[in-house]
$ cat final28.cif   # mmCIF, C-alpha atoms
data_start
#
loop_
_atom_site.label_atom_id
_atom_site.label_comp_id
_atom_site.auth_asym_id
_atom_site.auth_seq_id
_atom_site.Cartn_x
_atom_site.Cartn_y
_atom_site.Cartn_z
CA MET A 193 14.44 -7.07 -50.62
CA ASN A 194 14.36 -9.55 -47.72
CA LYS A 195 17.66 -8.16 -46.45
CA LEU A 196 16.24 -4.65 -46.49
CA ILE A 197 13.19 -5.72 -44.49
CA ALA A 198 15.39 -7.55 -42.00
CA LEU A 199 17.66 -4.50 -41.67
CA CYS A 200 14.66 -2.20 -41.12
CA ALA A 201 13.23 -4.55 -38.49
CA ALA A 202 16.60 -4.78 -36.73
CA ALA A 203 16.96 -0.99 -36.77
CA LEU A 204 13.46 -0.56 -35.35
CA LEU A 205 13.98 -3.13 -32.62
CA ALA A 206 17.38 -1.66 -31.71
CA GLY A 207 15.65 1.67 -31.29
CA CYS A 208 13.47 0.10 -28.61
CA GLY A 209 16.29 -0.60 -26.17
CA ALA A 210 16.24 1.19 -22.82
CA THR A 211 19.19 3.14 -21.50
CA THR A 212 19.90 2.09 -17.93
CA THR A 213 22.35 3.55 -15.45
CA ILE A 214 23.10 2.10 -12.02
CA ASP A 215 24.83 3.97 -9.23
CA GLU A 216 26.06 2.01 -6.26
CA TYR A 217 27.29 3.17 -2.91
CA ARG A 218 28.70 0.95 -0.18
CA PRO A 219 30.43 2.25 2.94
CA ASN A 220 32.94 -0.60 2.61
CA ASN A 221 33.48 -3.63 0.39
CA GLN A 222 32.44 -6.22 2.96
CA VAL A 223 30.35 -9.13 1.75
CA LEU A 224 26.89 -9.10 3.30
CA ASP A 225 26.68 -12.34 5.24
CA ILE A 226 23.47 -14.28 5.02
CA ASN A 227 22.90 -17.91 5.85
CA SER A 228 20.24 -20.34 4.68
CA GLU A 229 18.03 -19.70 7.72
CA GLN A 230 18.03 -15.96 7.23
CA SER A 231 16.18 -13.94 4.66
CA VAL A 232 15.96 -10.56 3.03
CA VAL A 233 12.72 -8.63 2.87
CA ILE A 234 12.15 -6.18 0.03
CA LEU A 235 9.73 -3.43 0.96
CA GLY A 236 8.24 -0.63 -1.10
CA ARG A 237 7.92 2.89 0.19
CA ARG A 238 4.26 3.88 0.22
CA ASP A 239 4.25 7.15 2.14
CA ALA A 240 4.53 9.57 -0.78
CA GLY A 241 1.31 11.29 -1.75
CA HIS A 242 1.57 11.10 -5.53
CA TYR A 243 2.97 7.62 -6.11
CA ASP A 244 3.37 4.17 -4.56
CA THR A 245 6.35 1.97 -5.25
CA ASP A 246 4.49 -0.65 -7.23
CA ARG A 247 4.23 -4.23 -5.99
CA GLU A 248 4.88 -5.60 -9.46
CA PHE A 249 8.36 -4.05 -9.43
CA ILE A 250 9.05 -5.31 -5.91
CA ASP A 251 7.96 -8.85 -6.89
CA CYS A 252 10.18 -8.66 -9.96
CA VAL A 253 13.26 -7.66 -7.91
CA ALA A 254 12.41 -10.33 -5.31
CA LYS A 255 12.30 -12.99 -8.06
CA LYS A 256 15.73 -11.90 -9.31
CA MET A 257 17.07 -12.21 -5.76
CA GLN A 258 15.49 -15.62 -5.23
CA GLY A 259 17.26 -16.77 -8.40
CA ALA A 260 20.51 -16.36 -6.50
CA ASP A 261 19.38 -18.70 -3.70
CA ILE A 262 18.89 -15.82 -1.31
CA GLY A 263 15.88 -16.31 0.93
CA VAL A 264 13.38 -13.55 0.24
CA PHE A 265 10.60 -13.03 2.77
CA PRO A 266 7.35 -11.94 1.05
CA GLU A 267 6.60 -8.26 1.55
CA GLN A 268 2.95 -8.52 2.61
CA GLN A 269 3.71 -11.41 4.97
CA PHE A 270 6.36 -9.28 6.68
CA VAL A 271 4.10 -6.22 6.94
CA ASP A 272 1.37 -8.42 8.48
CA ALA A 273 3.79 -10.17 10.85
CA ILE A 274 4.93 -6.85 12.27
CA TYR A 275 1.59 -4.98 12.06
CA PRO A 276 1.22 -2.02 12.50
CA TRP A 277 4.87 -0.92 12.55
CA PHE A 278 5.53 -1.06 8.80
CA GLU A 279 2.31 0.55 7.58
CA PRO A 280 2.71 3.70 5.42
CA ARG A 281 2.02 5.85 8.52
CA THR A 282 4.42 4.06 10.86
CA ALA A 283 7.25 2.57 8.76
CA PRO A 284 10.68 3.86 9.85
CA LYS A 285 12.13 6.34 7.38
CA GLY A 286 15.58 6.35 8.91
CA LEU A 287 17.91 4.25 11.04
CA LYS A 288 17.25 6.35 14.14
CA ARG A 289 13.59 5.41 14.06
CA LEU A 290 14.43 1.77 13.25
CA ARG A 291 16.69 1.59 16.32
CA ARG A 292 13.85 2.92 18.49
CA LEU A 293 11.49 0.36 17.00
CA MET A 294 13.93 -2.46 17.71
CA GLU A 295 14.12 -1.40 21.36
CA ASP A 296 10.62 -2.85 21.67
CA THR A 297 11.18 -6.47 22.63
CA ALA A 298 7.96 -7.67 20.97
CA ILE A 299 9.00 -6.18 17.63
CA LYS A 300 12.58 -7.44 17.91
CA GLN A 301 11.37 -10.95 18.72
CA GLN A 302 9.07 -10.95 15.72
CA ILE A 303 11.91 -9.88 13.39
CA GLU A 304 14.21 -12.55 14.81
CA HIS A 305 11.49 -15.21 14.77
CA ASN A 306 10.99 -14.64 11.04
CA GLY A 307 14.75 -14.73 10.39
CA ILE A 308 14.88 -11.28 8.80
CA ARG A 309 18.54 -10.34 8.39
CA TYR A 310 18.40 -7.56 5.80
CA LEU A 311 15.73 -5.14 4.80
CA VAL A 312 15.82 -3.55 1.36
CA TRP A 313 13.73 -0.43 0.91
CA LEU A 314 12.70 0.28 -2.66
CA ASP A 315 11.46 3.73 -3.51
CA GLY A 316 10.58 5.02 -6.94
CA SER A 317 8.19 4.87 -9.86
CA THR A 318 7.86 4.53 -13.61
CA GLU A 319 6.40 7.49 -15.43
CA THR A 320 5.29 8.16 -18.97
CA HIS A 321 6.03 11.52 -20.55
CA ASP A 322 6.77 13.28 -23.85
CA LYS A 323 3.85 11.72 -25.67
CA GLY A 324 3.69 12.66 -29.33
CA GLY A 325 2.09 11.81 -32.65
CA SER A 326 -1.37 10.47 -33.27
CA ILE A 327 -2.93 7.31 -34.52
CA SER A 328 -6.49 6.70 -35.60
CA CYS A 329 -8.37 3.52 -36.29
CA ALA A 330 -11.55 3.12 -38.29
CA ILE A 331 -13.86 0.28 -39.16
CA ALA A 332 -16.30 0.12 -42.06
CA PRO A 333 -18.39 -2.63 -43.69
CA GLY A 334 -15.59 -3.25 -46.20
CA GLY A 335 -12.87 -3.56 -43.54
CA GLY A 336 -10.86 -1.40 -41.18
CA GLY A 337 -7.43 -0.28 -40.24
CA CYS A 338 -5.22 2.04 -38.27
CA PHE A 339 -3.08 4.83 -39.64
CA GLY A 340 -0.61 7.10 -37.97
CA PHE A 341 2.31 7.11 -35.61
CA ALA A 342 2.55 7.65 -31.86
CA GLN A 343 5.49 7.69 -29.50
CA TRP A 344 6.03 8.14 -25.79
CA GLU A 345 8.92 8.06 -23.41
CA LYS A 346 9.04 6.14 -20.14
CA SER A 347 11.47 6.58 -17.32
CA SER A 348 11.96 4.40 -14.27
CA ILE A 349 13.87 5.76 -11.30
CA TYR A 350 14.23 3.54 -8.26
CA GLU A 351 16.47 3.66 -5.22
CA ALA A 352 17.26 0.67 -3.01
CA ILE A 353 18.60 1.10 0.52
CA VAL A 354 19.90 -1.96 2.39
CA TRP A 355 19.57 -2.07 6.16
CA ASP A 356 21.20 -4.69 8.35
CA MET A 357 18.63 -5.74 10.94
CA THR A 358 21.26 -7.22 13.27
CA ASN A 359 23.64 -4.28 13.49
CA LEU A 360 20.93 -1.74 12.63
CA THR A 361 23.20 -0.04 10.12
CA GLU A 362 22.95 0.93 6.49
CA LYS A 363 24.91 -1.40 4.21
CA GLY A 364 24.57 0.43 0.95
CA ARG A 365 22.46 2.14 -1.66
CA LEU A 366 21.67 1.48 -5.28
CA ARG A 367 19.99 3.77 -7.74
CA VAL A 368 18.72 2.68 -11.11
CA ASP A 369 17.72 5.14 -13.80
CA SER A 370 16.24 3.64 -16.94
CA SER A 371 14.57 5.38 -19.86
CA GLY A 372 13.46 4.60 -23.37
CA THR A 373 11.01 5.49 -26.10
CA SER A 374 8.18 3.27 -27.32
CA TYR A 375 6.44 3.57 -30.67
CA LEU A 376 3.10 2.57 -32.12
CA LEU A 377 2.91 2.40 -35.89
CA GLY A 378 -0.45 2.31 -37.59
CA VAL A 379 0.05 0.56 -40.92
CA VAL A 380 -3.38 -1.02 -41.40
CA ALA A 381 -2.70 -3.10 -38.28
CA PRO A 382 -1.26 -1.34 -35.21
CA ILE A 383 2.36 -2.40 -34.66
CA PRO A 384 3.64 -1.74 -31.15
CA LEU A 385 7.39 -1.39 -30.61
CA LEU A 386 7.61 -1.23 -26.85
CA THR A 387 10.70 -0.53 -24.78
CA PRO A 388 10.69 -2.60 -21.58
CA VAL A 389 11.91 0.24 -19.37
CA LYS A 390 10.60 -1.12 -16.08
CA ASN A 391 11.79 -4.65 -16.81
CA ASP A 392 15.25 -3.33 -17.61
CA ALA A 393 15.30 -1.35 -14.37
CA CYS A 394 14.20 -4.44 -12.43
CA ALA A 395 16.71 -6.76 -14.10
CA SER A 396 19.57 -4.30 -13.55
CA LEU A 397 18.65 -3.61 -9.94
CA GLY A 398 18.08 -7.30 -9.16
CA THR A 399 21.40 -8.32 -10.69
CA GLN A 400 23.27 -5.63 -8.82
CA LEU A 401 21.55 -6.48 -5.53
CA LYS A 402 22.48 -10.15 -5.98
CA GLN A 403 26.12 -9.12 -6.27
CA PHE A 404 25.65 -7.06 -3.15
CA PHE A 405 24.79 -10.15 -1.19
CA THR A 406 26.84 -12.80 -2.84
CA LEU A 407 30.00 -11.26 -4.26
CA ASP A 408 32.76 -9.28 -2.69
CA GLN A 409 33.77 -7.00 -5.51
CA PRO A 410 36.58 -4.55 -4.96
CA LEU A 411 35.38 -0.97 -5.39
CA MET B 268 -37.75 -2.32 -41.82
CA PRO B 269 -39.92 0.48 -40.54
CA THR B 270 -38.03 3.57 -39.34
CA THR B 271 -39.94 3.56 -36.00
CA LYS B 272 -38.56 0.16 -35.06
CA ILE B 273 -35.01 1.23 -35.87
CA THR B 274 -35.45 4.38 -33.77
CA ILE B 275 -36.82 2.42 -30.78
CA PHE B 276 -34.00 -0.10 -31.07
CA SER B 277 -31.38 2.71 -31.20
CA VAL B 278 -32.89 4.48 -28.19
CA LEU B 279 -32.95 1.23 -26.18
CA LEU B 280 -29.33 0.52 -27.09
CA THR B 281 -28.30 4.05 -26.07
CA VAL B 282 -30.15 3.77 -22.74
CA LEU B 283 -28.44 0.45 -22.11
CA PHE B 284 -25.01 1.98 -22.77
CA ILE B 285 -25.66 5.02 -20.60
CA SER B 286 -27.02 2.96 -17.70
CA GLY B 287 -23.92 0.77 -17.96
CA CYS B 288 -21.75 3.82 -17.30
CA SER B 289 -23.45 4.84 -14.07
CA SER B 290 -22.64 1.84 -11.89
CA SER B 291 -23.44 1.57 -8.22
CA SER B 292 -21.09 -0.24 -5.84
CA GLN B 293 -22.02 -2.31 -2.82
CA VAL B 294 -18.84 -3.19 -1.01
CA GLN B 295 -18.60 -5.85 1.66
CA ILE B 296 -15.31 -5.93 3.56
CA ASP B 297 -14.41 -9.53 4.37
CA SER B 298 -10.66 -9.16 4.83
CA GLN B 299 -8.83 -10.65 7.75
CA PHE B 300 -6.55 -8.34 9.71
CA PRO B 301 -3.27 -9.34 11.31
CA SER B 302 -2.74 -9.37 15.08
CA VAL B 303 -0.93 -6.36 16.44
CA VAL B 304 2.64 -6.62 17.70
CA SER B 305 2.46 -4.55 20.85
CA LYS B 306 3.02 -4.87 24.56
CA PRO B 307 -0.15 -3.65 26.31
CA LYS B 308 0.15 -1.12 29.14
CA PRO B 309 -1.15 -2.06 32.59
CA VAL B 310 -4.36 -0.11 32.03
CA LYS B 311 -7.93 -1.39 32.28
CA ALA B 312 -10.40 -0.42 29.61
CA ALA B 313 -13.91 -1.25 28.51
CA ILE B 314 -14.64 -0.83 24.82
CA VAL B 315 -18.24 -0.10 23.91
CA PHE B 316 -19.10 -1.44 20.47
CA SER B 317 -22.71 -0.44 19.94
CA GLU B 318 -24.94 -2.49 17.65
CA GLU B 319 -24.96 0.45 15.25
CA PHE B 320 -21.14 0.39 15.12
CA LYS B 321 -20.97 -3.38 14.71
CA SER B 322 -23.34 -3.35 11.75
CA TYR B 323 -22.29 -0.01 10.29
CA ILE B 324 -22.83 0.48 6.57
CA ALA B 325 -21.30 3.64 5.17
CA ASN B 326 -23.00 5.49 2.34
CA PRO B 327 -20.37 7.97 1.17
CA ASN B 328 -22.52 8.84 -1.85
CA SER B 329 -25.78 7.78 -3.40
CA LYS B 330 -24.13 5.10 -5.56
CA THR B 331 -21.77 3.56 -3.02
CA SER B 332 -22.32 1.60 0.16
CA ILE B 333 -19.58 -0.01 2.23
CA ASP B 334 -20.53 -2.69 4.76
CA MET B 335 -17.65 -2.23 7.19
CA GLY B 336 -19.22 -2.85 10.61
CA SER B 337 -17.86 -6.32 11.16
CA ALA B 338 -14.41 -5.50 9.74
CA GLN B 339 -13.96 -2.35 11.83
CA THR B 340 -15.09 -4.16 14.99
CA LYS B 341 -12.54 -6.94 14.41
CA LEU B 342 -9.77 -4.51 13.60
CA LEU B 343 -10.37 -2.17 16.53
CA SER B 344 -10.82 -5.08 18.99
CA ASN B 345 -7.41 -6.30 17.93
CA ALA B 346 -5.83 -2.84 18.15
CA PHE B 347 -7.34 -2.05 21.60
CA ALA B 348 -6.08 -5.41 22.87
CA GLY B 349 -2.60 -4.18 22.02
CA LEU B 350 -3.10 -1.06 24.14
CA PHE B 351 -4.61 -2.37 27.38
CA LYS B 352 -3.60 -5.28 29.57
CA ARG B 353 -7.14 -5.83 30.87
CA ILE B 354 -9.93 -5.24 28.43
CA GLU B 355 -13.63 -6.00 28.11
CA PHE B 356 -15.89 -5.51 25.12
CA VAL B 357 -19.50 -4.52 25.79
CA SER B 358 -22.49 -3.37 23.77
CA ALA B 359 -23.51 -0.49 26.06
CA ALA B 360 -21.78 1.67 28.68
CA THR B 361 -24.19 0.33 31.32
CA GLU B 362 -22.68 -3.16 30.95
CA VAL B 363 -19.17 -2.09 32.01
CA SER B 364 -17.99 -4.14 34.99
CA PHE B 365 -14.56 -2.55 35.50
CA ASP B 366 -13.93 0.27 37.87
CA ASN B 367 -10.90 2.56 37.74
CA ALA B 368 -10.88 2.01 34.00
CA LEU B 369 -11.28 3.89 30.76
CA VAL B 370 -14.56 3.48 28.90
CA ILE B 371 -14.06 4.04 25.18
CA THR B 372 -16.92 4.32 22.71
CA PRO B 373 -15.82 4.48 19.08
CA SER B 374 -18.13 5.83 16.41
CA VAL B 375 -17.86 6.67 12.73
CA GLN B 376 -18.32 10.34 11.95
CA GLU B 377 -17.95 10.17 8.20
CA VAL B 378 -16.70 8.02 5.34
CA GLN B 379 -15.59 9.61 2.09
CA VAL B 380 -14.67 7.94 -1.17
CA SER B 381 -13.01 9.38 -4.24
CA THR B 382 -12.71 7.65 -7.57
CA PRO B 383 -10.63 8.43 -10.66
CA SER B 384 -13.69 9.96 -12.31
CA ASP B 385 -14.00 12.43 -9.40
CA THR B 386 -10.38 13.46 -9.06
CA TYR B 387 -8.72 12.57 -12.40
CA LEU B 388 -6.08 10.77 -10.33
CA ASN B 389 -5.23 7.17 -11.10
CA VAL B 390 -6.26 5.94 -7.64
CA TYR B 391 -9.29 5.17 -5.50
CA GLU B 392 -9.22 6.73 -2.03
CA VAL B 393 -11.17 6.16 1.19
CA TRP B 394 -11.20 8.36 4.29
CA ILE B 395 -12.76 7.17 7.53
CA LYS B 396 -13.26 9.66 10.31
CA TYR B 397 -13.64 7.99 13.71
CA SER B 398 -14.42 9.62 16.98
CA LEU B 399 -13.45 7.99 20.28
CA ASP B 400 -15.49 9.09 23.25
CA ILE B 401 -13.24 8.46 26.24
CA LYS B 402 -14.69 8.48 29.74
CA THR B 403 -13.77 7.08 33.13
CA ALA B 404 -15.75 4.21 34.63
CA ASP B 405 -17.43 6.84 36.85
CA GLY B 406 -18.71 8.64 33.76
CA ASP B 407 -16.33 11.62 33.82
CA GLN B 408 -15.35 12.81 30.37
CA VAL B 409 -11.66 12.37 29.58
CA ASP B 410 -11.65 13.33 25.94
CA SER B 411 -13.40 13.05 22.63
CA TRP B 412 -10.68 12.13 20.20
CA PHE B 413 -10.96 12.57 16.45
CA MET B 414 -9.14 9.79 14.62
CA PRO B 415 -8.88 10.06 10.83
CA ALA B 416 -7.72 7.15 8.68
CA TYR B 417 -6.83 7.06 5.01
CA GLY B 418 -6.33 4.39 2.37
CA LYS B 419 -5.70 4.41 -1.34
CA THR B 420 -5.12 1.84 -4.05
CA PRO B 421 -1.68 1.85 -5.72
CA ASP B 422 -3.42 2.51 -9.06
CA SER B 423 -6.73 1.84 -10.74
CA PHE B 424 -5.46 -0.35 -13.55
CA MET B 425 -7.68 -3.40 -14.16
CA LEU B 426 -9.58 -2.87 -10.91
CA SER B 427 -13.35 -2.94 -10.77
CA LYS B 428 -14.85 -0.09 -8.78
CA THR B 429 -16.12 -2.45 -6.07
CA ASN B 430 -12.77 -4.21 -5.65
CA ALA B 431 -10.88 -0.93 -5.70
CA ILE B 432 -13.05 0.65 -2.99
CA GLU B 433 -12.74 -2.51 -0.89
CA GLU B 434 -8.94 -2.45 -1.24
CA ALA B 435 -8.77 1.24 -0.30
CA ALA B 436 -11.14 0.70 2.66
CA VAL B 437 -9.04 -2.20 3.98
CA ILE B 438 -5.92 0.00 3.81
CA ALA B 439 -7.83 2.78 5.59
CA LEU B 440 -8.92 0.37 8.35
CA ARG B 441 -5.34 -0.83 8.80
CA ASP B 442 -4.30 2.82 8.98
CA ALA B 443 -6.88 3.35 11.73
CA GLY B 444 -5.30 0.53 13.75
CA ALA B 445 -1.84 2.01 13.23
CA LYS B 446 -2.99 5.50 14.24
CA LEU B 447 -4.66 4.16 17.38
CA LEU B 448 -1.59 2.24 18.55
CA LEU B 449 0.74 5.07 17.67
CA ASP B 450 -1.11 7.99 19.18
CA PHE B 451 -3.50 6.81 21.90
CA TYR B 452 -1.18 7.34 24.87
CA ARG B 453 -0.01 10.62 23.34
CA ILE B 454 -3.44 12.19 23.84
CA PRO B 455 -2.66 14.71 26.61
CA SER B 456 -5.86 14.06 28.58
CA VAL B 457 -5.36 10.28 28.43
CA TYR B 458 -1.74 10.64 29.47
CA ASN B 459 -2.78 12.90 32.36
CA TRP B 460 -5.43 10.38 33.46
CA VAL B 461 -2.86 7.58 33.43
CA VAL B 462 -0.44 9.71 35.46
CA THR B 463 -3.19 10.70 37.91
CA GLU B 464 -4.15 7.06 38.37
CA GLN B 465 -0.47 6.31 39.06
CA ILE B 466 -0.31 3.67 36.37
CA PRO B 467 3.32 2.99 35.45
CA LEU B 468 4.09 3.80 31.83
CA ASP B 469 7.84 3.77 32.31
CA GLU B 470 8.55 0.93 29.90
CA LYS B 471 10.24 2.22 26.78
CA GLU B 472 7.69 3.29 24.27
CA VAL B 473 8.22 2.65 20.60
CA GLN B 474 7.50 6.17 19.48
#

$ encode --input "final28.cif" --output "structure tokens"
Amino acid sequence: MNKLIALCAAALLAGCGATTTIDEYRPNNQVLDINSEQSVVILGRRDAGHYDTDREFIDCVAKKMQGADIGVFPEQQFVDAIYPWFEPRTAPKGLKRLRRLMEDTAIKQQIEHNGIRYLVWLDGSTETHDKGGSISCAIAPGGGGCFGFAQWEKSSIYEAIVWDMTNLTEKGRLRVDSSGTSYLLGVVAPIPLLTPVKNDACASLGTQLKQFFTLDQPL
Amino acid sequence: MPTTKITIFSVLLTVLFISGCSSSSQVQIDSQFPSVVSKPKPVKAAIVFSEEFKSYIANPNSKTSIDMGSAQTKLLSNAFAGLFKRIEFVSAATEVSFDNALVITPSVQEVQVSTPSDTYLNVYEVWIKYSLDIKTADGDQVDSWFMPAYGKTPDSFMLSKTNAIEEAAVIALRDAGAKLLLDFYRIPSVYNWVVTEQIPLDEKEVQ
């Protein structure tokens, strides 16, 4: 009996794994040089009308990068240091605009002063869709409970673009696509079986970005 | 227990619940704003911040008030200082001491707020519509420039209404500073005035 319960639990938990795909593009297989006095800044795109690249995801990726001893400059500190040139209205969307920005000596000095070597743009969001099932909870003087079953699917799609702030060139792109289904079982007590889609996307992207900066892997 | 007492108790409880749903928000913006990274042009300007502007409290609807006078004065002072090499801040146009200068009087035309309950979107939004009255020191009208600014919260999860409106308003104020620095010298009448006054603007502009 115990074995059956354990098998059922394992099957349920295995069903909660996210499927994650990473695509990487690099123009060449050069290692991205960075020394201890330089840092990377990870910025979220915030110019789309219907979504913002959430700060929680950016912080998560930044933590993964910091774990590899890469200096990560905090996003808000960078945006404030260079105000107002990286606000949603003014942030450069392409290299052409970045090069024009860097022609301004005041802006260039500020970037150099803060030791910013690479800029990583993150753009994307996590969305919930395909909700199904129903669950209802009730409470009465004799007790209460939940009955039913609900499920929903989440997908996280994020793209990272790495810009070199010294050469003002693009050094590569990464795209992470993660999806998975979460369940909520109502068997007297509600039992959530959640798939950590966003965490998986963050861990995969962070790990891949670390390799981008620290390892020279042949393509 | 008499039925009347139960009824009164139920009614009171219901009233309490309903009144709890219709909250009013009084927002005070205390945020600090960063200094602008900008090389000012060799233009003289006097900025008129009236008392009304400095203590402005927006009432976008009957349940919301945003005390933004101090914050907008700080932010715009900082942004104007990034535009003009010589600048003075005065409370009335009569106090301007510069000649051959621009006299700019900002005012708020309207502030709008939208909440998730209004739009069914998962964000709080704030629009601020500024108007800049631009004259020469001699009193000749140069332009009256409409300057909209917009801010929204990333989402509304775990945010109280007051905090969310404050966050959106701060983003809108920062957007106002960005818009001013980005577009001021692109206003045709301002550009023409600068050219007429033979002020050199030949340094490479960012935009």

$ resolve_selection --input "final28.cif" --expression "the PyMOL selection byres ((chain A and resi 215-230) around 6)" --output "JSON, numbers by chain"
{"A": [214, 231, 307, 308, 309, 364, 365, 366, 367, 405, 408]}

$ residues_near_point --input "final28.cif" --point "(-7.2, 13.2, 28.2)" --cutoff "12 Å" --atoms "all atoms listed in the file" --output "VMD selection string"
chain B and resid 369 371 399 to 403 407 to 412 451 to 463

$ resolve_selection --input "final28.cif" --expression "the PyMOL selection byres ((chain B and resi 331) around 6)" --output "list in words"
Ser291, Ser292, Gln293, Asn326, Asn328, Ser329, Lys330 and Ser332 of chain B

$ interface_residues --input "final28.cif" --of "chain B" --to "chain A" --cutoff "7 Å" --atoms "only C-alpha atoms" --output "tab-separated table (two decimals) with C-alpha atoms, in the coordinates of the input"
chain	number	residue	atom	x	y	z
B	301	PRO	CA	-3.27	-9.34	11.31
B	302	SER	CA	-2.74	-9.37	15.08
B	303	VAL	CA	-0.93	-6.36	16.44
B	304	VAL	CA	2.64	-6.62	17.70
B	305	SER	CA	2.46	-4.55	20.85
B	306	LYS	CA	3.02	-4.87	24.56
B	421	PRO	CA	-1.68	1.85	-5.72
B	445	ALA	CA	-1.84	2.01	13.23
B	473	VAL	CA	8.22	2.65	20.60

$ resolve_selection --input "final28.cif" --expression "the PyMOL selection byres ((chain A and resi 322) around 6)" --output "ChimeraX atom specification"
/A:321,323,344-345

$ atom_distance --input "final28.cif" --atom1 "CA of Glu392 (chain B)" --atom2 "CA of Ala435 (chain B)"
5.8 Å

$ atom_distance --input "final28.cif" --atom1 "CA of Gly316 (chain A)" --atom2 "CA of Glu351 (chain A)"
6.3 Å

$ residues_around --input "final28.cif" --residues "Thr361 (chain B)" --least-positions-apart "4" --cutoff "12 Å" --atoms "only C-alpha atoms" --output "list in words"
Ala313, Ile314, Val315, Ser317, Phe356, Val357, Phe365, Val370, Thr372, Ala404, Asp405 and Gly406 of chain B

$ residues_around --input "final28.cif" --residues "Ile383 (chain A)" --least-positions-apart "5" --cutoff "12 Å" --atoms "only C-alpha atoms" --output "ChimeraX atom specification"
/A:201,204-205,327,337-343,374-378

$ write_last_selection --input "final28.cif" --atoms "C-alpha atoms" --output "short mmCIF file (atom, residue, chain, number, x, y, z; two decimals), keeping the file's coordinate frame"
data_model
loop_
_atom_site.label_atom_id
_atom_site.label_comp_id
_atom_site.auth_asym_id
_atom_site.auth_seq_id
_atom_site.Cartn_x
_atom_site.Cartn_y
_atom_site.Cartn_z
CA ALA A 201 13.23 -4.55 -38.49
CA LEU A 204 13.46 -0.56 -35.35
CA LEU A 205 13.98 -3.13 -32.62
CA ILE A 327 -2.93 7.31 -34.52
CA GLY A 337 -7.43 -0.28 -40.24
CA CYS A 338 -5.22 2.04 -38.27
CA PHE A 339 -3.08 4.83 -39.64
CA GLY A 340 -0.61 7.10 -37.97
CA PHE A 341 2.31 7.11 -35.61
CA ALA A 342 2.55 7.65 -31.86
CA GLN A 343 5.49 7.69 -29.50
CA SER A 374 8.18 3.27 -27.32
CA TYR A 375 6.44 3.57 -30.67
CA LEU A 376 3.10 2.57 -32.12
CA LEU A 377 2.91 2.40 -35.89
CA GLY A 378 -0.45 2.31 -37.59
#

$ residues_around --input "final28.cif" --residues "Thr358 (chain A)" --least-positions-apart "2" --cutoff "9 Å" --atoms "only C-alpha atoms" --output "mmCIF file with C-alpha atoms, in the coordinates of the input"
data_model
loop_
_atom_site.group_PDB
_atom_site.id
_atom_site.type_symbol
_atom_site.label_atom_id
_atom_site.label_comp_id
_atom_site.auth_asym_id
_atom_site.auth_seq_id
_atom_site.Cartn_x
_atom_site.Cartn_y
_atom_site.Cartn_z
ATOM 1 C CA GLU A 304 14.210 -12.550 14.810
ATOM 2 C CA ILE A 308 14.880 -11.280 8.800
ATOM 3 C CA ARG A 309 18.540 -10.340 8.390
ATOM 4 C CA TYR A 310 18.400 -7.560 5.800
ATOM 5 C CA TRP A 355 19.570 -2.070 6.160
ATOM 6 C CA ASP A 356 21.200 -4.690 8.350
ATOM 7 C CA LEU A 360 20.930 -1.740 12.630
ATOM 8 C CA THR A 361 23.200 -0.040 10.120
#

$ closest_residue --input "final28.cif" --among "A:Ala330, A:Ala283, A:Val232, A:Leu397" --to "Asp369 (chain A)" --atoms "all atoms listed in the file"
A:Leu397

$ residues_around --input "final28.cif" --residues "Ser370 (chain A)" --least-positions-apart "6" --cutoff "10 Å" --atoms "all atoms listed in the file" --output "list in words"
Ala210, Thr211, Thr212, Thr213, Ile214, Thr318, Lys346, Ser347, Ser348, Ile349, Tyr350, Pro388, Val389, Lys390, Asn391, Asp392, Ala393, Cys394 and Ser396 of chain A

$ atom_distance --input "final28.cif" --atom1 "CA of Val393 (chain B)" --atom2 "CA of Gln299 (chain B)"
18.2 Å

$ residues_around --input "final28.cif" --residues "region 376-382 of chain B" --least-positions-apart "5" --cutoff "8 Å" --atoms "only C-alpha atoms" --output "number ranges by chain"
B: 325-328, 387-388, 390-398, 432

$ closest_residue --input "final28.cif" --among "A:Gly236, A:Pro333, A:Gly263, A:Gly372" --to "Lys285 (chain A)" --atoms "only C-alpha atoms"
A:Gly236
